[in-house]
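Colleague: Provided herewith: protein_27.csv, CSV, N, CA and C atoms.
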```
chain,number,residue,atom,x,y,z
A,1,LYS,N,58.0,-58.8,-212.6
A,1,LYS,CA,56.7,-58.6,-211.9
A,1,LYS,C,56.8,-59.1,-210.5
A,2,ASP,N,56.1,-58.5,-209.6
A,2,ASP,CA,56.0,-59.0,-208.3
A,2,ASP,C,55.0,-60.2,-208.2
A,3,PHE,N,55.3,-61.1,-207.3
A,3,PHE,CA,54.4,-62.2,-207.1
A,3,PHE,C,53.8,-62.1,-205.7
A,4,ALA,N,52.6,-62.7,-205.6
A,4,ALA,CA,51.9,-62.7,-204.4
A,4,ALA,C,52.5,-63.7,-203.5
A,5,GLU,N,52.4,-63.5,-202.2
A,5,GLU,CA,52.8,-64.5,-201.2
A,5,GLU,C,51.8,-65.6,-201.1
A,6,ILE,N,52.2,-66.8,-201.0
A,6,ILE,CA,51.4,-67.9,-200.8
A,6,ILE,C,51.5,-68.4,-199.4
A,7,VAL,N,50.4,-68.6,-198.7
A,7,VAL,CA,50.4,-69.0,-197.3
A,7,VAL,C,49.6,-70.2,-197.1
A,8,ARG,N,50.2,-71.2,-196.4
A,8,ARG,CA,49.4,-72.4,-196.1
A,8,ARG,C,48.7,-72.3,-194.8
A,9,ALA,N,47.5,-72.8,-194.8
A,9,ALA,CA,46.6,-72.7,-193.6
A,9,ALA,C,45.9,-74.1,-193.4
A,10,ASP,N,45.7,-74.4,-192.2
A,10,ASP,CA,45.1,-75.7,-191.8
A,10,ASP,C,43.6,-75.6,-191.7
A,11,SER,N,43.0,-74.4,-191.6
A,11,SER,CA,41.6,-74.3,-191.4
A,11,SER,C,41.2,-72.9,-191.9
A,12,MET,N,39.9,-72.7,-192.1
A,12,MET,CA,39.5,-71.4,-192.6
A,12,MET,C,39.8,-70.2,-191.6
A,13,PRO,N,39.5,-70.4,-190.3
A,13,PRO,CA,39.9,-69.3,-189.4
A,13,PRO,C,41.4,-69.0,-189.4
A,14,ASP,N,42.2,-70.1,-189.5
A,14,ASP,CA,43.7,-69.9,-189.6
A,14,ASP,C,44.0,-69.1,-190.9
A,15,ALA,N,43.4,-69.5,-192.0
A,15,ALA,CA,43.7,-68.8,-193.3
A,15,ALA,C,43.3,-67.3,-193.3
A,16,VAL,N,42.2,-67.0,-192.7
A,16,VAL,CA,41.7,-65.6,-192.6
A,16,VAL,C,42.6,-64.8,-191.7
A,17,LYS,N,43.0,-65.4,-190.5
A,17,LYS,CA,43.9,-64.6,-189.6
A,17,LYS,C,45.3,-64.4,-190.2
A,18,LYS,N,45.8,-65.4,-190.9
A,18,LYS,CA,47.1,-65.3,-191.5
A,18,LYS,C,47.1,-64.3,-192.6
A,19,SER,N,46.0,-64.3,-193.4
A,19,SER,CA,46.0,-63.3,-194.5
A,19,SER,C,45.8,-61.9,-194.0
A,20,PHE,N,45.0,-61.7,-193.0
A,20,PHE,CA,44.9,-60.4,-192.4
A,20,PHE,C,46.2,-59.9,-191.8
A,21,ALA,N,46.9,-60.8,-191.2
A,21,ALA,CA,48.2,-60.4,-190.6
A,21,ALA,C,49.2,-59.9,-191.6
A,22,SER,N,49.2,-60.5,-192.8
A,22,SER,CA,50.2,-60.2,-193.8
A,22,SER,C,49.7,-59.2,-194.8
A,23,ALA,N,48.4,-58.8,-194.8
A,23,ALA,CA,47.9,-57.9,-195.8
A,23,ALA,C,48.2,-56.4,-195.4
A,24,LEU,N,48.5,-55.6,-196.4
A,24,LEU,CA,48.8,-54.2,-196.2
A,24,LEU,C,47.5,-53.5,-196.5
A,25,LYS,N,47.4,-52.2,-196.1
A,25,LYS,CA,46.2,-51.4,-196.4
A,25,LYS,C,46.0,-51.4,-197.9
A,26,LYS,N,44.8,-51.6,-198.3
A,26,LYS,CA,44.3,-51.6,-199.8
A,26,LYS,C,44.7,-52.9,-200.5
A,27,ASP,N,45.3,-53.9,-199.8
A,27,ASP,CA,45.5,-55.2,-200.4
A,27,ASP,C,44.2,-56.0,-200.5
A,28,SER,N,44.2,-56.9,-201.5
A,28,SER,CA,43.0,-57.8,-201.6
A,28,SER,C,43.5,-59.2,-201.2
A,29,VAL,N,42.7,-60.0,-200.6
A,29,VAL,CA,43.0,-61.3,-200.2
A,29,VAL,C,42.1,-62.2,-201.1
A,30,LEU,N,42.8,-63.2,-201.8
A,30,LEU,CA,42.1,-64.1,-202.6
A,30,LEU,C,42.1,-65.5,-202.0
A,31,LEU,N,40.9,-66.0,-201.8
A,31,LEU,CA,40.7,-67.4,-201.4
A,31,LEU,C,41.0,-68.3,-202.6
A,32,ALA,N,42.1,-69.0,-202.6
A,32,ALA,CA,42.4,-69.9,-203.7
A,32,ALA,C,42.9,-71.2,-203.2
A,33,PRO,N,42.0,-72.1,-202.8
A,33,PRO,CA,42.5,-73.4,-202.4
A,33,PRO,C,43.3,-74.1,-203.4
A,34,ALA,N,44.3,-74.8,-203.0
A,34,ALA,CA,45.2,-75.5,-203.9
A,34,ALA,C,44.6,-76.9,-204.3
A,35,CYS,N,43.6,-77.3,-203.7
A,35,CYS,CA,43.0,-78.6,-204.0
A,35,CYS,C,41.5,-78.6,-203.6
A,36,ALA,N,40.8,-79.7,-203.9
A,36,ALA,CA,39.4,-79.8,-203.5
A,36,ALA,C,39.4,-79.9,-202.0
A,37,SER,N,38.3,-79.5,-201.4
A,37,SER,CA,38.2,-79.5,-199.9
A,37,SER,C,36.9,-80.2,-199.5
A,38,PHE,N,36.6,-81.3,-200.2
A,38,PHE,CA,35.4,-82.0,-199.8
A,38,PHE,C,35.5,-82.7,-198.5
A,39,ASP,N,36.7,-82.8,-197.9
A,39,ASP,CA,36.9,-83.4,-196.6
A,39,ASP,C,36.5,-82.3,-195.5
A,40,MET,N,36.4,-81.1,-195.9
A,40,MET,CA,36.0,-80.0,-194.9
A,40,MET,C,34.7,-79.3,-195.3
A,41,PHE,N,34.3,-79.3,-196.6
A,41,PHE,CA,33.1,-78.6,-197.0
A,41,PHE,C,32.4,-79.4,-198.0
A,42,ASN,N,31.1,-79.3,-198.1
A,42,ASN,CA,30.3,-80.0,-199.0
A,42,ASN,C,30.3,-79.4,-200.4
A,43,SER,N,30.6,-78.1,-200.6
A,43,SER,CA,30.6,-77.5,-201.9
A,43,SER,C,31.5,-76.2,-201.8
A,44,PHE,N,31.8,-75.6,-203.0
A,44,PHE,CA,32.5,-74.4,-203.0
A,44,PHE,C,31.7,-73.3,-202.4
A,45,GLU,N,30.3,-73.4,-202.5
A,45,GLU,CA,29.5,-72.3,-201.9
A,45,GLU,C,29.6,-72.3,-200.4
A,46,GLU,N,29.7,-73.5,-199.8
A,46,GLU,CA,29.8,-73.6,-198.4
A,46,GLU,C,31.2,-73.1,-197.9
A,47,ARG,N,32.2,-73.4,-198.7
A,47,ARG,CA,33.6,-72.9,-198.4
A,47,ARG,C,33.6,-71.4,-198.5
A,48,GLY,N,32.9,-70.8,-199.5
A,48,GLY,CA,32.9,-69.4,-199.6
A,48,GLY,C,32.1,-68.7,-198.5
A,49,LYS,N,31.0,-69.3,-198.1
A,49,LYS,CA,30.3,-68.8,-196.9
A,49,LYS,C,31.1,-68.8,-195.7
A,50,GLU,N,31.9,-69.9,-195.5
A,50,GLU,CA,32.7,-70.0,-194.3
A,50,GLU,C,33.8,-68.9,-194.3
A,51,PHE,N,34.4,-68.7,-195.5
A,51,PHE,CA,35.4,-67.6,-195.7
A,51,PHE,C,34.8,-66.3,-195.3
A,52,LYS,N,33.6,-65.9,-195.8
A,52,LYS,CA,33.0,-64.7,-195.5
A,52,LYS,C,32.6,-64.6,-194.0
A,53,SER,N,32.1,-65.7,-193.4
A,53,SER,CA,31.8,-65.7,-192.0
A,53,SER,C,33.0,-65.4,-191.2
A,54,GLU,N,34.2,-66.0,-191.5
A,54,GLU,CA,35.4,-65.8,-190.8
A,54,GLU,C,35.9,-64.3,-190.9
A,55,VAL,N,35.8,-63.8,-192.1
A,55,VAL,CA,36.2,-62.4,-192.3
A,55,VAL,C,35.3,-61.5,-191.4
A,56,LEU,N,34.0,-61.7,-191.4
A,56,LEU,CA,33.1,-60.9,-190.6
A,56,LEU,C,33.4,-61.1,-189.1
A,57,SER,N,33.7,-62.3,-188.7
A,57,SER,CA,34.1,-62.5,-187.3
A,57,SER,C,35.3,-61.8,-186.9
A,58,LEU,N,36.3,-61.8,-187.8
A,58,LEU,CA,37.5,-61.1,-187.6
A,58,LEU,C,37.3,-59.6,-187.5
A,59,GLU,N,36.4,-59.1,-188.3
A,59,GLU,CA,36.0,-57.7,-188.3
A,59,GLU,C,35.5,-57.3,-186.9
A,60,SER,N,34.6,-58.1,-186.4
A,60,SER,CA,34.0,-57.9,-185.0
A,60,SER,C,35.1,-57.9,-184.0
A,61,GLU,N,36.0,-58.9,-184.1
A,61,GLU,CA,37.1,-59.1,-183.1
A,61,GLU,C,38.0,-58.0,-183.0
A,62,VAL,N,38.4,-57.4,-184.2
A,62,VAL,CA,39.4,-56.3,-184.2
A,62,VAL,C,38.8,-55.0,-184.2
A,63,GLY,N,37.4,-54.9,-184.2
A,63,GLY,CA,36.7,-53.7,-184.2
A,63,GLY,C,37.1,-52.8,-185.4
A,64,SER,N,37.1,-53.4,-186.6
A,64,SER,CA,37.7,-52.7,-187.7
A,64,SER,C,36.7,-52.2,-188.7
A,65,LYS,N,35.6,-51.8,-188.2
A,65,LYS,CA,34.6,-51.2,-189.2
A,65,LYS,C,35.3,-50.0,-189.9
A,66,THR,N,36.2,-49.4,-189.3
A,66,THR,CA,36.9,-48.3,-189.9
A,66,THR,C,38.2,-48.7,-190.6
A,67,ASP,N,38.5,-50.0,-190.5
A,67,ASP,CA,39.7,-50.6,-191.2
A,67,ASP,C,39.3,-51.0,-192.6
A,68,SER,N,39.8,-50.3,-193.6
A,68,SER,CA,39.4,-50.5,-195.0
A,68,SER,C,40.0,-51.9,-195.5
A,69,ARG,N,40.8,-52.5,-194.7
A,69,ARG,CA,41.4,-53.8,-195.2
A,69,ARG,C,40.3,-54.9,-195.1
A,70,LEU,N,39.3,-54.7,-194.4
A,70,LEU,CA,38.2,-55.8,-194.2
A,70,LEU,C,37.0,-55.3,-195.0
A,71,GLN,N,36.9,-55.8,-196.2
A,71,GLN,CA,35.7,-55.5,-197.0
A,71,GLN,C,35.3,-56.8,-197.8
A,72,THR,N,34.1,-57.2,-197.7
A,72,THR,CA,33.7,-58.4,-198.5
A,72,THR,C,33.1,-57.8,-199.8
A,73,GLN,N,33.5,-58.4,-200.9
A,73,GLN,CA,33.1,-57.9,-202.2
A,73,GLN,C,31.9,-58.6,-202.8
A,74,ASP,N,31.7,-59.9,-202.4
A,74,ASP,CA,30.7,-60.7,-203.1
A,74,ASP,C,29.5,-60.8,-202.2
A,75,SER,N,28.4,-60.1,-202.6
A,75,SER,CA,27.2,-60.1,-201.8
A,75,SER,C,26.4,-61.4,-201.9
A,76,ARG,N,26.8,-62.3,-202.9
A,76,ARG,CA,26.2,-63.6,-203.1
A,76,ARG,C,26.5,-64.5,-202.0
A,77,LEU,N,27.6,-64.3,-201.2
A,77,LEU,CA,28.0,-65.2,-200.2
A,77,LEU,C,27.4,-64.9,-198.9
```
Take the structure from the file and write it as C-alpha cells.

Modeller:
Amino acid sequence: KDFAEIVRADSMPDAVKKSFASALKKDSVLLAPACASFDMFNSFEERGKEFKSEVLSLESEVGSKTDSRLQTQDSRL
C-alpha cells in the first residue's frame, strides 16, 4: 500500500502552506497533530478553527475559488 507523506510544521500557517504545496488535485489534507498543542491553542476546537481560517486565507491569497484542491469539509469549524 501507498503511505501518506508526513510533513513537520512549526505553525498552522506553515502547515497549511506546506500541505497545499505538496497536495495534488483531488488530494485531501488531514490535520493530524502528533501531540497535544496546549502551548499554542486552548482546545482542539480552537486548533480546528485556526486550520480552517488558514485554509480560507490561502484560498484568498492564491485566488483559488476555481481550484478544487481548497475545500473545507467541516461546516462546524

Colleague: Mind giving me the straight-line distance from CA of Lys17 (chain A) to CA of Lys52 (chain A) in Å, one decimal?

Modeller: 12.4 Å

Colleague: Could you tell me how far CA of Asp2 (chain A) sits from CA of Arg47 (chain A), in Å to one decimal place?

Modeller: 28.2 Å

Colleague: What is the distance, in Å and to one decimal place, between atom N of Lys18 (chain A) and atom N of Phe41 (chain A)?

Modeller: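 Interatomic distance here is 18.9 Å.
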